[in-house]
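Pasted below: final06.txt, compact mmCIF, C-alpha atoms and all ligand atoms.
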```txt
# COMPACT_ATOMS: atom_id res chain seq x y z
CA MET A 1 0.00 0.00 0.00
CA THR A 2 1.45 3.40 -0.94
CA LEU A 3 1.60 6.30 1.53
CA LEU A 4 -1.09 8.05 -0.49
CA ASP A 5 -3.42 5.03 -0.19
CA GLN A 6 -3.03 5.09 3.60
CA ILE A 7 -4.29 8.69 3.90
CA ASP A 8 -7.87 9.02 5.14
CA LYS A 9 -9.31 11.48 2.61
CA SER A 10 -12.11 12.43 5.03
CA LYS A 11 -9.63 13.61 7.70
CA LEU A 12 -7.35 15.90 5.72
CA PRO A 13 -6.11 19.13 7.25
CA THR A 14 -8.25 21.91 5.77
CA HIS A 15 -5.42 24.42 6.03
CA LEU A 16 -1.83 23.29 5.65
CA ALA A 17 0.99 25.80 6.14
CA VAL A 18 4.66 25.21 5.39
CA ILE A 19 7.87 26.93 6.51
CA MET A 20 10.14 25.94 3.63
CA ASP A 21 13.58 25.94 5.21
CA GLY A 22 17.03 24.61 4.34
CA ASN A 23 17.65 25.83 0.80
CA GLY A 24 20.96 27.41 1.78
CA ARG A 25 22.21 24.35 3.71
CA TRP A 26 21.19 22.05 0.84
CA ALA A 27 23.33 24.08 -1.54
CA LYS A 28 26.26 24.32 0.90
CA GLN A 29 26.28 20.54 1.40
CA LYS A 30 26.66 20.15 -2.34
CA GLY A 31 29.28 22.89 -2.72
CA LEU A 32 26.84 25.06 -4.68
CA PHE A 33 25.81 28.71 -4.37
CA ARG A 34 22.92 29.34 -1.92
CA THR A 35 20.85 30.66 -4.81
CA MET A 36 20.94 27.20 -6.41
CA GLY A 37 19.23 25.87 -3.28
CA HIS A 38 16.44 28.36 -3.87
CA GLU A 39 16.17 27.26 -7.50
CA LYS A 40 15.84 23.60 -6.49
CA GLY A 41 13.47 24.76 -3.72
CA SER A 42 11.14 26.31 -6.26
CA LYS A 43 10.87 22.90 -7.98
CA ALA A 44 9.82 21.40 -4.66
CA VAL A 45 7.17 24.13 -4.39
CA GLN A 46 5.77 23.01 -7.73
CA GLU A 47 5.61 19.33 -6.65
CA ILE A 48 3.96 20.11 -3.30
CA VAL A 49 1.40 22.51 -4.78
CA GLU A 50 0.34 19.91 -7.35
CA ALA A 51 0.21 17.13 -4.74
CA CYS A 52 -1.96 19.25 -2.39
CA GLY A 53 -4.28 20.14 -5.25
CA LYS A 54 -4.71 16.50 -6.24
CA LEU A 55 -5.21 15.47 -2.62
CA ASN A 56 -7.99 18.06 -2.23
CA ILE A 57 -6.36 20.16 0.46
CA SER A 58 -8.47 23.34 0.50
CA TYR A 59 -5.83 25.82 1.70
CA LEU A 60 -2.06 25.69 1.32
CA THR A 61 0.04 28.56 2.68
CA LEU A 62 3.77 28.81 1.97
CA TYR A 63 6.24 31.04 3.80
CA ALA A 64 8.17 32.25 0.77
CA PHE A 65 9.77 35.48 2.05
CA SER A 66 9.69 36.96 5.54
CA THR A 67 9.97 40.60 6.62
CA GLU A 68 13.35 39.57 8.09
CA ASN A 69 14.56 38.09 4.77
CA TRP A 70 15.08 41.65 3.42
CA LYS A 71 18.25 41.67 5.58
CA ARG A 72 19.88 38.98 3.39
CA PRO A 73 22.63 39.87 0.91
CA LYS A 74 21.24 42.09 -1.89
CA LEU A 75 22.09 39.55 -4.60
CA GLU A 76 20.26 36.74 -2.81
CA VAL A 77 17.15 38.92 -2.34
CA GLU A 78 17.26 39.86 -6.03
CA LEU A 79 17.55 36.22 -7.07
CA LEU A 80 14.61 35.24 -4.83
CA MET A 81 12.49 38.00 -6.38
CA LYS A 82 13.49 36.91 -9.90
CA LEU A 83 12.66 33.30 -9.05
CA LEU A 84 9.29 34.37 -7.80
CA VAL A 85 8.43 36.22 -11.01
CA ALA A 86 9.69 33.29 -13.12
CA SER A 87 7.73 30.77 -11.03
CA LEU A 88 4.54 32.83 -11.23
CA ARG A 89 4.87 33.06 -15.03
CA LYS A 90 5.62 29.37 -15.33
CA GLU A 91 3.07 28.10 -12.83
CA ILE A 92 0.02 29.98 -14.06
CA LYS A 93 -0.69 26.99 -16.37
CA THR A 94 -0.48 24.50 -13.45
CA LEU A 95 -2.70 26.74 -11.34
CA GLN A 96 -5.36 26.93 -14.06
CA GLU A 97 -5.19 23.21 -14.90
CA ASN A 98 -5.56 22.26 -11.24
CA ASP A 99 -8.27 24.87 -10.48
CA ILE A 100 -6.00 26.60 -7.91
CA LYS A 101 -6.60 30.18 -6.82
CA LEU A 102 -3.52 32.27 -5.94
CA ASN A 103 -3.59 34.53 -2.90
CA ALA A 104 -0.84 36.48 -1.13
CA ILE A 105 -0.37 37.79 2.41
CA GLY A 106 2.19 40.23 3.76
CA ASN A 107 3.33 43.78 3.18
CA LEU A 108 2.97 43.28 -0.57
CA GLU A 109 3.53 46.90 -1.45
CA SER A 110 7.11 46.62 -0.21
CA LEU A 111 7.85 44.10 -2.99
CA PRO A 112 9.65 45.29 -6.13
CA LYS A 113 7.09 46.72 -8.61
CA LYS A 114 7.68 43.93 -11.13
CA VAL A 115 6.98 41.20 -8.55
CA TYR A 116 3.92 43.04 -7.20
CA LYS A 117 2.49 43.50 -10.70
CA GLU A 118 3.08 39.85 -11.70
CA LEU A 119 1.55 38.68 -8.44
CA LEU A 120 -1.61 40.77 -8.86
CA ASP A 121 -1.88 39.59 -12.45
CA VAL A 122 -1.83 35.88 -11.48
CA ILE A 123 -4.17 36.53 -8.53
CA LYS A 124 -6.65 38.17 -10.94
CA LYS A 125 -6.34 35.43 -13.57
CA THR A 126 -7.00 32.66 -11.04
CA GLU A 127 -9.64 34.42 -8.91
CA ASN A 128 -12.47 32.15 -10.07
CA ASN A 129 -10.62 28.90 -9.34
CA SER A 130 -12.01 27.03 -6.37
CA ARG A 131 -10.38 23.64 -5.76
CA MET A 132 -7.59 25.01 -3.58
CA THR A 133 -6.36 28.42 -2.39
CA LEU A 134 -2.58 28.71 -2.56
CA THR A 135 -1.38 31.57 -0.38
CA LEU A 136 2.16 32.89 -0.69
CA ALA A 137 3.42 34.71 2.40
CA LEU A 138 5.65 37.43 0.93
CA SER A 139 7.36 40.12 2.94
CA TYR A 140 5.26 38.60 5.69
CA GLY A 141 5.83 38.80 9.43
CA SER A 142 3.26 37.98 12.06
CA ARG A 143 4.25 40.85 14.35
CA GLU A 144 3.95 43.32 11.47
CA GLU A 145 0.51 41.86 10.68
CA LEU A 146 -0.64 42.15 14.30
CA THR A 147 0.76 45.70 14.60
CA LYS A 148 -1.12 46.73 11.45
CA THR A 149 -4.27 45.11 12.85
CA VAL A 150 -4.03 47.02 16.15
CA GLN A 151 -3.47 50.28 14.24
CA GLU A 152 -6.48 49.72 11.96
CA ILE A 153 -8.79 48.82 14.84
CA SER A 154 -7.54 51.80 16.90
CA HIS A 155 -8.42 54.14 14.03
CA LYS A 156 -11.91 52.66 13.94
CA VAL A 157 -12.28 53.18 17.69
CA LYS A 158 -11.06 56.78 17.32
CA ASN A 159 -13.62 57.41 14.58
CA ASN A 160 -16.42 55.79 16.63
CA LEU A 161 -16.85 52.98 14.11
CA ILE A 162 -16.39 50.33 16.80
CA SER A 163 -16.40 50.46 20.61
CA PRO A 164 -13.57 48.78 22.58
CA GLU A 165 -16.08 46.35 24.24
CA ASN A 166 -17.01 45.01 20.81
CA ILE A 167 -13.47 44.06 19.85
CA ASP A 168 -13.48 40.28 19.91
CA GLU A 169 -11.59 37.48 18.14
CA THR A 170 -13.77 37.80 15.03
CA VAL A 171 -13.01 41.52 14.74
CA ILE A 172 -9.28 40.80 15.07
CA ASN A 173 -9.49 37.97 12.54
CA ASN A 174 -11.22 40.27 10.08
CA HIS A 175 -8.30 42.68 10.12
CA LEU A 176 -5.55 40.13 9.53
CA TYR A 177 -4.03 39.47 6.09
CA THR A 178 -5.55 36.00 6.48
CA GLN A 179 -9.12 37.26 6.97
CA ASN A 180 -10.40 34.94 4.22
CA LEU A 181 -8.54 31.85 5.44
CA PRO A 182 -9.48 29.37 8.17
CA ASP A 183 -7.11 28.68 11.08
CA VAL A 184 -4.10 26.50 10.28
CA ASP A 185 -4.59 22.77 11.06
CA LEU A 186 -1.11 21.50 10.29
CA LEU A 187 2.15 23.47 10.19
CA ILE A 188 5.19 21.75 8.67
CA ARG A 189 8.75 23.08 9.01
CA THR A 190 11.57 21.45 7.10
CA SER A 191 15.32 21.32 7.79
CA GLY A 192 15.33 20.32 11.45
CA GLU A 193 14.78 23.80 12.92
CA GLN A 194 12.08 23.77 15.58
CA ARG A 195 10.77 27.32 15.69
CA ILE A 196 7.95 29.39 14.21
CA SER A 197 10.00 32.38 12.99
CA ASN A 198 7.22 34.99 13.10
CA PHE A 199 4.83 32.96 10.91
CA LEU A 200 1.04 33.05 11.44
CA LEU A 201 1.32 33.36 15.25
CA TRP A 202 -2.40 34.06 15.73
CA GLN A 203 -3.55 31.55 13.13
CA ILE A 204 -1.61 28.53 14.49
CA ALA A 205 -3.17 28.71 17.98
CA TYR A 206 -4.48 25.11 17.65
CA ALA A 207 -2.36 23.85 14.76
CA GLU A 208 -0.51 20.56 14.96
CA LEU A 209 3.22 21.20 14.49
CA TYR A 210 5.35 18.83 12.43
CA PHE A 211 9.12 19.20 12.14
CA THR A 212 11.21 17.18 9.73
CA GLU A 213 14.97 16.98 9.13
CA THR A 214 14.49 16.94 5.35
CA LEU A 215 15.82 20.08 3.67
CA TRP A 216 13.22 21.88 1.55
CA PRO A 217 14.88 21.23 -1.86
CA ASP A 218 14.71 17.47 -1.07
CA TYR A 219 11.08 17.62 0.05
CA THR A 220 8.81 15.43 -2.10
CA LYS A 221 5.17 14.49 -2.09
CA ASP A 222 5.97 11.32 -0.14
CA HIS A 223 7.39 13.47 2.67
CA LEU A 224 4.15 15.44 2.59
CA PHE A 225 2.06 12.26 2.75
CA GLU A 226 4.11 11.09 5.77
CA ALA A 227 3.38 14.39 7.54
CA ILE A 228 -0.35 14.09 6.81
CA LEU A 229 -0.42 10.50 8.06
CA ASN A 230 1.32 11.60 11.24
CA TYR A 231 -1.26 14.40 11.64
CA GLN A 232 -4.13 11.94 11.17
CA ASN A 233 -2.83 9.83 14.05
CA ARG A 234 -2.94 12.73 16.52
CA GLU A 235 -5.84 13.57 18.77
CA ARG A 236 -6.86 17.22 18.43
CA ARG A 237 -8.59 18.16 21.66
CA PHE A 238 -8.93 21.97 21.35
CA GLY A 239 -8.77 22.22 25.16
CA LYS A 240 -11.29 19.41 25.79
CA THR A 241 -10.56 16.00 27.35
CA SER A 242 -10.20 12.77 25.37
CA GLU A 243 -13.46 11.49 26.89
CA GLN A 244 -15.39 14.59 25.85
CA LEU A 245 -14.29 14.09 22.25
CA LYS A 246 -15.91 10.63 22.24
CA GLU A 247 -19.29 11.91 23.47
C1 LIG A 301 14.60 29.10 3.38
O1 LIG A 301 15.85 28.55 3.11
C2 LIG A 301 13.88 29.50 2.21
C3 LIG A 301 13.59 30.79 1.85
C4 LIG A 301 14.06 31.96 2.60
C5 LIG A 301 12.83 31.12 0.67
C6 LIG A 301 11.87 30.11 0.14
C7 LIG A 301 11.88 30.22 -1.31
C8 LIG A 301 11.75 29.19 -2.19
C9 LIG A 301 11.46 27.83 -1.79
C10 LIG A 301 11.94 29.43 -3.63
C11 LIG A 301 10.93 30.17 -4.40
C12 LIG A 301 9.57 30.26 -3.87
C13 LIG A 301 8.41 30.19 -4.58
C14 LIG A 301 7.12 30.38 -3.89
C15 LIG A 301 8.39 29.85 -6.01
P1 LIG A 301 17.16 29.24 3.73
O2 LIG A 301 17.78 30.04 2.64
O3 LIG A 301 16.79 30.01 4.95
O4 LIG A 301 18.01 28.00 4.07
P2 LIG A 301 19.12 27.86 5.22
O5 LIG A 301 18.40 28.04 6.52
O6 LIG A 301 19.64 26.49 5.02
O7 LIG A 301 20.14 28.93 4.97
```

Representation of the structure as structure tokens:
Amino acid sequence: MTLLDQIDKSKLPTHLAVIMDGNGRWAKQKGLFRTMGHEKGSKAVQEIVEACGKLNISYLTLYAFSTENWKRPKLEVELLMKLLVASLRKEIKTLQENDIKLNAIGNLESLPKKVYKELLDVIKKTENNSRMTLTLALSYGSREELTKTVQEISHKVKNNLISPENIDETVINNHLYTQNLPDVDLLIRTSGEQRISNFLLWQIAYAELYFTETLWPDYTKDHLFEAILNYQNRERRFGKTSEQLKE
């Protein structure tokens, strides 16, 4: 029986998020430039997006570029931006064929104009697709997102559009970049690092966390299937007891 056959299709995570890590180490191990790790990493993105689409995962969110990644060497940032534009141009066909809608979260206006324009173009072209929503986190940082949210709500309070007593979790949710996405069910991080790195801090409140040693450029659909199988064997209690879940 293949790994795919073992997956219970009625118990899939609705929202899967991935911190794609290890491109640089992958390249270093092979004596290559870091940028080549990113190039191989973009091929892994393609394989995982297609696999999630076929599996009927409704939401896939990928951490492609963090607010902190701007501090990397200029050439590496430029290459990542170029790769992004090239991948968007190349992948539009895959997105259409697999009925995948592209979405993006983050401080998108800080992206180079060319990337921003390409991104909006693919988002527009795929807006009517409905099988899966693929969200790219670009120039994204959870603290920046939460700061922006507090600022926006404060302005509304100041202008008497909302009273402080009426600020609840739904109001906060509705001001996040992820306002149209459900909470994350499963968060995968590759490359052996066991941290969250400012990714979807609010949205992962009840997510199952899965860490794997595999470096992102080596990540294949079988690794993904293993992670989903592991997730399906966990008991998600959301604060309740085991007994209550059986009632
Ligand atoms: C982490 O590896 C990866 C990134 C900072 C960028 C992720 C980008 C891609 C996978 C390529 C293009 C993306 C898309 C969506 C087409 P790292 O460089 O931090 O690795 P290291 O920790 O080993 O140095």

What does the list of residues within 6 Å of ligand LIG 301 (chain A) look like if you count only C-alpha atoms and all ligand atoms, written as a list in words?
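Going residue by residue within 6 Å of ligand LIG 301 (chain A), we get Met20, Asp21, Gly22, Asn23, Gly24, Arg25, His38, Gly41, Ser42, Ala64, Phe65, Leu83, Leu84 and Ser87 of chain A.
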
Just the selected residues (C-alpha atoms), exported as a compact mmCIF listing (two decimals), in the frame of the given file, please.
```
# COMPACT_ATOMS: atom_id res chain seq x y z
CA MET A 20 10.14 25.94 3.63
CA ASP A 21 13.58 25.94 5.21
CA GLY A 22 17.03 24.61 4.34
CA ASN A 23 17.65 25.83 0.80
CA GLY A 24 20.96 27.41 1.78
CA ARG A 25 22.21 24.35 3.71
CA HIS A 38 16.44 28.36 -3.87
CA GLY A 41 13.47 24.76 -3.72
CA SER A 42 11.14 26.31 -6.26
CA ALA A 64 8.17 32.25 0.77
CA PHE A 65 9.77 35.48 2.05
CA LEU A 83 12.66 33.30 -9.05
CA LEU A 84 9.29 34.37 -7.80
CA SER A 87 7.73 30.77 -11.03
```

Go through A:Thr2, A:Asn160, A:Ser10, A:Asn180 one by one, measure the shortest atom-to-atom distance of each to Gln232 of chain A using all atoms listed in the file, and give the residue with the smallest value.
A:Ser10

Kindly give the distance, in Å, that separates atom CA of Asn128 of chain A and atom CA of Lys54 of chain A, rounded to a single decimal.
17.9 Å

Name the closest residue to His175 of chain A among the candidates A:Ser197, A:Gln151, A:Ser191, A:Asn159; distances are taken between atoms, counting all atoms listed in the file.
A:Gln151

Counting all atoms listed in the file, which residues sit no farther than 12 Å from the position (-9.0, 51.0, 18.7) in the file's frame? I'd like them as a CSV table (one decimal) with C-alpha atoms, in the frame of the given file.
```csv
chain,number,residue,atom,x,y,z
A,147,THR,CA,0.8,45.7,14.6
A,148,LYS,CA,-1.1,46.7,11.4
A,149,THR,CA,-4.3,45.1,12.8
A,150,VAL,CA,-4.0,47.0,16.2
A,151,GLN,CA,-3.5,50.3,14.2
A,152,GLU,CA,-6.5,49.7,12.0
A,153,ILE,CA,-8.8,48.8,14.8
A,154,SER,CA,-7.5,51.8,16.9
A,155,HIS,CA,-8.4,54.1,14.0
A,156,LYS,CA,-11.9,52.7,13.9
A,157,VAL,CA,-12.3,53.2,17.7
A,158,LYS,CA,-11.1,56.8,17.3
A,159,ASN,CA,-13.6,57.4,14.6
A,160,ASN,CA,-16.4,55.8,16.6
A,161,LEU,CA,-16.8,53.0,14.1
A,162,ILE,CA,-16.4,50.3,16.8
A,163,SER,CA,-16.4,50.5,20.6
A,164,PRO,CA,-13.6,48.8,22.6
A,165,GLU,CA,-16.1,46.4,24.2
A,166,ASN,CA,-17.0,45.0,20.8
A,167,ILE,CA,-13.5,44.1,19.8
A,168,ASP,CA,-13.5,40.3,19.9
A,171,VAL,CA,-13.0,41.5,14.7
A,172,ILE,CA,-9.3,40.8,15.1
A,175,HIS,CA,-8.3,42.7,10.1
```

A:Leu138, A:Tyr59, A:Ala207, A:Glu243 ranked by distance to Leu181 of chain A, top pick (using only C-alpha atoms):
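Closest candidate: A:Tyr59.
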
Just how far from atom CA of Arg89 of chain A is atom CA of Thr14 of chain A, in Å to one decimal?
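Atom CA of Arg89 of chain A lies 27.0 Å from atom CA of Thr14 of chain A.
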
Just want the 12 Å neighbourhood of Arg131 of chain A, counted on only C-alpha atoms, with same-chain residues fewer than 3 positions away dropped. Output as a list in words.
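The residues that qualify are Thr14, Val49, Glu50, Cys52, Gly53, Lys54, Leu55, Asn56, Ile57, Ser58, Tyr59, Leu60, Leu95, Gln96, Glu97, Asn98, Asp99, Ile100, Lys101, Leu102, Thr126, Glu127, Asn128 and Leu134 of chain A.
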
May I have the residues from that selection written out with C-alpha atoms, as a tab-separated table (two decimals), in the coordinates of the input?
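In the end it all went to out_38.tsv:
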```
chain	number	residue	atom	x	y	z
A	14	THR	CA	-8.25	21.91	5.77
A	49	VAL	CA	1.40	22.51	-4.78
A	50	GLU	CA	0.34	19.91	-7.35
A	52	CYS	CA	-1.96	19.25	-2.39
A	53	GLY	CA	-4.28	20.14	-5.25
A	54	LYS	CA	-4.71	16.50	-6.24
A	55	LEU	CA	-5.21	15.47	-2.62
A	56	ASN	CA	-7.99	18.06	-2.23
A	57	ILE	CA	-6.36	20.16	0.46
A	58	SER	CA	-8.47	23.34	0.50
A	59	TYR	CA	-5.83	25.82	1.70
A	60	LEU	CA	-2.06	25.69	1.32
A	95	LEU	CA	-2.70	26.74	-11.34
A	96	GLN	CA	-5.36	26.93	-14.06
A	97	GLU	CA	-5.19	23.21	-14.90
A	98	ASN	CA	-5.56	22.26	-11.24
A	99	ASP	CA	-8.27	24.87	-10.48
A	100	ILE	CA	-6.00	26.60	-7.91
A	101	LYS	CA	-6.60	30.18	-6.82
A	102	LEU	CA	-3.52	32.27	-5.94
A	126	THR	CA	-7.00	32.66	-11.04
A	127	GLU	CA	-9.64	34.42	-8.91
A	128	ASN	CA	-12.47	32.15	-10.07
A	134	LEU	CA	-2.58	28.71	-2.56
```

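Computed from the coordinates, the atom CA of Thr190 of chain A to atom CA of Ile123 of chain A distance equals 26.8 Å.
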
Using only C-alpha atoms, what residues lie at most 7 Å away from (9.4, 18.4, 10.6) (file coordinates), given as number ranges by chain?
A: 188-190, 192, 210-213

Residues as selected, C-alpha atoms, written as a PDB file, keeping the file's coordinate frame, can you do that?
```
ATOM      1  CA  ILE A 188       5.190  21.750   8.670  1.00  0.00           C
ATOM      2  CA  ARG A 189       8.750  23.080   9.010  1.00  0.00           C
ATOM      3  CA  THR A 190      11.570  21.450   7.100  1.00  0.00           C
ATOM      4  CA  GLY A 192      15.330  20.320  11.450  1.00  0.00           C
ATOM      5  CA  TYR A 210       5.350  18.830  12.430  1.00  0.00           C
ATOM      6  CA  PHE A 211       9.120  19.200  12.140  1.00  0.00           C
ATOM      7  CA  THR A 212      11.210  17.180   9.730  1.00  0.00           C
ATOM      8  CA  GLU A 213      14.970  16.980   9.130  1.00  0.00           C
TER       9      GLU A 213
END
```

Write out as number ranges by chain each polymer residue whose atoms come within 12 Å of Glu118 of chain A, counting all atoms listed in the file; drop sequence neighbours fewer than 6 positions from it.
A: 81-92, 102, 104, 108, 111-112, 124-125

How about saving the chosen residues, C-alpha atoms kept, as a compact mmCIF listing (two decimals), in the frame of the given file?
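The file below, selection21.txt, is the result:
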```
# COMPACT_ATOMS: atom_id res chain seq x y z
CA MET A 81 12.49 38.00 -6.38
CA LYS A 82 13.49 36.91 -9.90
CA LEU A 83 12.66 33.30 -9.05
CA LEU A 84 9.29 34.37 -7.80
CA VAL A 85 8.43 36.22 -11.01
CA ALA A 86 9.69 33.29 -13.12
CA SER A 87 7.73 30.77 -11.03
CA LEU A 88 4.54 32.83 -11.23
CA ARG A 89 4.87 33.06 -15.03
CA LYS A 90 5.62 29.37 -15.33
CA GLU A 91 3.07 28.10 -12.83
CA ILE A 92 0.02 29.98 -14.06
CA LEU A 102 -3.52 32.27 -5.94
CA ALA A 104 -0.84 36.48 -1.13
CA LEU A 108 2.97 43.28 -0.57
CA LEU A 111 7.85 44.10 -2.99
CA PRO A 112 9.65 45.29 -6.13
CA LYS A 124 -6.65 38.17 -10.94
CA LYS A 125 -6.34 35.43 -13.57
```

Across A:Ile204, A:Leu79, A:Leu215, A:Ile196, the smallest distance to Gln29 of chain A, with all atoms listed in the file counted, is shown by A:Leu215

Quick one: everything within 10 Å of Glu76 of chain A, counting only C-alpha atoms, minus sequence neighbours fewer than 4 positions away in the same chain. Send it as a list in words.
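Returned residues: Phe33, Arg34, Thr35, His38, Asn69, Trp70, Lys71, Arg72, Leu80, Met81 and Lys82 of chain A.
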
Quick one: of A:Arg237, A:Lys28, A:Lys221, A:Arg143, who's nearest to Asn198 of chain A, counting only C-alpha atoms?
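Once distances to Asn198 of chain A are computed over only C-alpha atoms, the minimum belongs to A:Arg143.
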
Which residue out of A:Leu146, A:Glu109, A:Glu193, A:Tyr231 has the minimum interatomic distance to Thr214 of chain A when only C-alpha atoms are used?
A:Glu193

Can you save segment 146-163 of chain A of the given block to a file, including N, CA, C and O atoms and formatted as a compact mmCIF listing (two decimals), in the first residue's frame?
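result.txt was written with the following content:
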```
# COMPACT_ATOMS: atom_id res chain seq x y z
N LEU A 146 0.12 41.83 13.08
CA LEU A 146 -0.64 42.15 14.30
C LEU A 146 -0.56 43.65 14.63
O LEU A 146 -1.54 44.25 15.06
N THR A 147 0.60 44.25 14.37
CA THR A 147 0.76 45.70 14.60
C THR A 147 -0.20 46.47 13.69
O THR A 147 -0.92 47.37 14.13
N LYS A 148 -0.23 46.08 12.43
CA LYS A 148 -1.12 46.73 11.45
C LYS A 148 -2.58 46.57 11.90
O LYS A 148 -3.37 47.50 11.85
N THR A 149 -2.91 45.38 12.40
CA THR A 149 -4.27 45.11 12.85
C THR A 149 -4.66 46.02 14.01
O THR A 149 -5.74 46.62 14.02
N VAL A 150 -3.74 46.16 14.99
CA VAL A 150 -4.03 47.02 16.15
C VAL A 150 -4.21 48.47 15.67
O VAL A 150 -5.14 49.17 16.10
N GLN A 151 -3.35 48.90 14.75
CA GLN A 151 -3.47 50.28 14.24
C GLN A 151 -4.82 50.50 13.56
O GLN A 151 -5.51 51.49 13.81
N GLU A 152 -5.22 49.55 12.70
CA GLU A 152 -6.48 49.72 11.96
C GLU A 152 -7.68 49.75 12.91
O GLU A 152 -8.59 50.56 12.76
N ILE A 153 -7.67 48.85 13.90
CA ILE A 153 -8.79 48.82 14.84
C ILE A 153 -8.80 50.10 15.69
O ILE A 153 -9.86 50.69 15.94
N SER A 154 -7.62 50.57 16.09
CA SER A 154 -7.54 51.80 16.90
C SER A 154 -8.13 52.99 16.13
O SER A 154 -8.84 53.81 16.71
N HIS A 155 -7.84 53.06 14.84
CA HIS A 155 -8.42 54.14 14.03
C HIS A 155 -9.93 54.06 14.03
O HIS A 155 -10.62 55.08 14.11
N LYS A 156 -10.45 52.83 13.94
CA LYS A 156 -11.91 52.66 13.94
C LYS A 156 -12.51 53.08 15.27
O LYS A 156 -13.59 53.68 15.31
N VAL A 157 -11.79 52.78 16.36
CA VAL A 157 -12.28 53.18 17.69
C VAL A 157 -12.29 54.72 17.75
O VAL A 157 -13.28 55.34 18.16
N LYS A 158 -11.20 55.31 17.29
CA LYS A 158 -11.06 56.78 17.32
C LYS A 158 -12.19 57.45 16.54
O LYS A 158 -12.73 58.48 16.93
N ASN A 159 -12.57 56.82 15.42
CA ASN A 159 -13.62 57.41 14.58
C ASN A 159 -15.02 56.90 14.94
O ASN A 159 -15.94 57.02 14.14
N ASN A 160 -15.12 56.30 16.12
CA ASN A 160 -16.42 55.79 16.63
C ASN A 160 -17.08 54.75 15.72
O ASN A 160 -18.30 54.65 15.67
N LEU A 161 -16.28 54.01 14.98
CA LEU A 161 -16.85 52.98 14.11
C LEU A 161 -17.01 51.67 14.87
O LEU A 161 -17.75 50.78 14.47
N ILE A 162 -16.29 51.53 15.95
CA ILE A 162 -16.39 50.33 16.80
C ILE A 162 -16.07 50.76 18.24
O ILE A 162 -15.25 51.65 18.45
N SER A 163 -16.73 50.11 19.22
CA SER A 163 -16.40 50.46 20.61
C SER A 163 -15.46 49.38 21.15
O SER A 163 -15.54 48.21 20.74
```
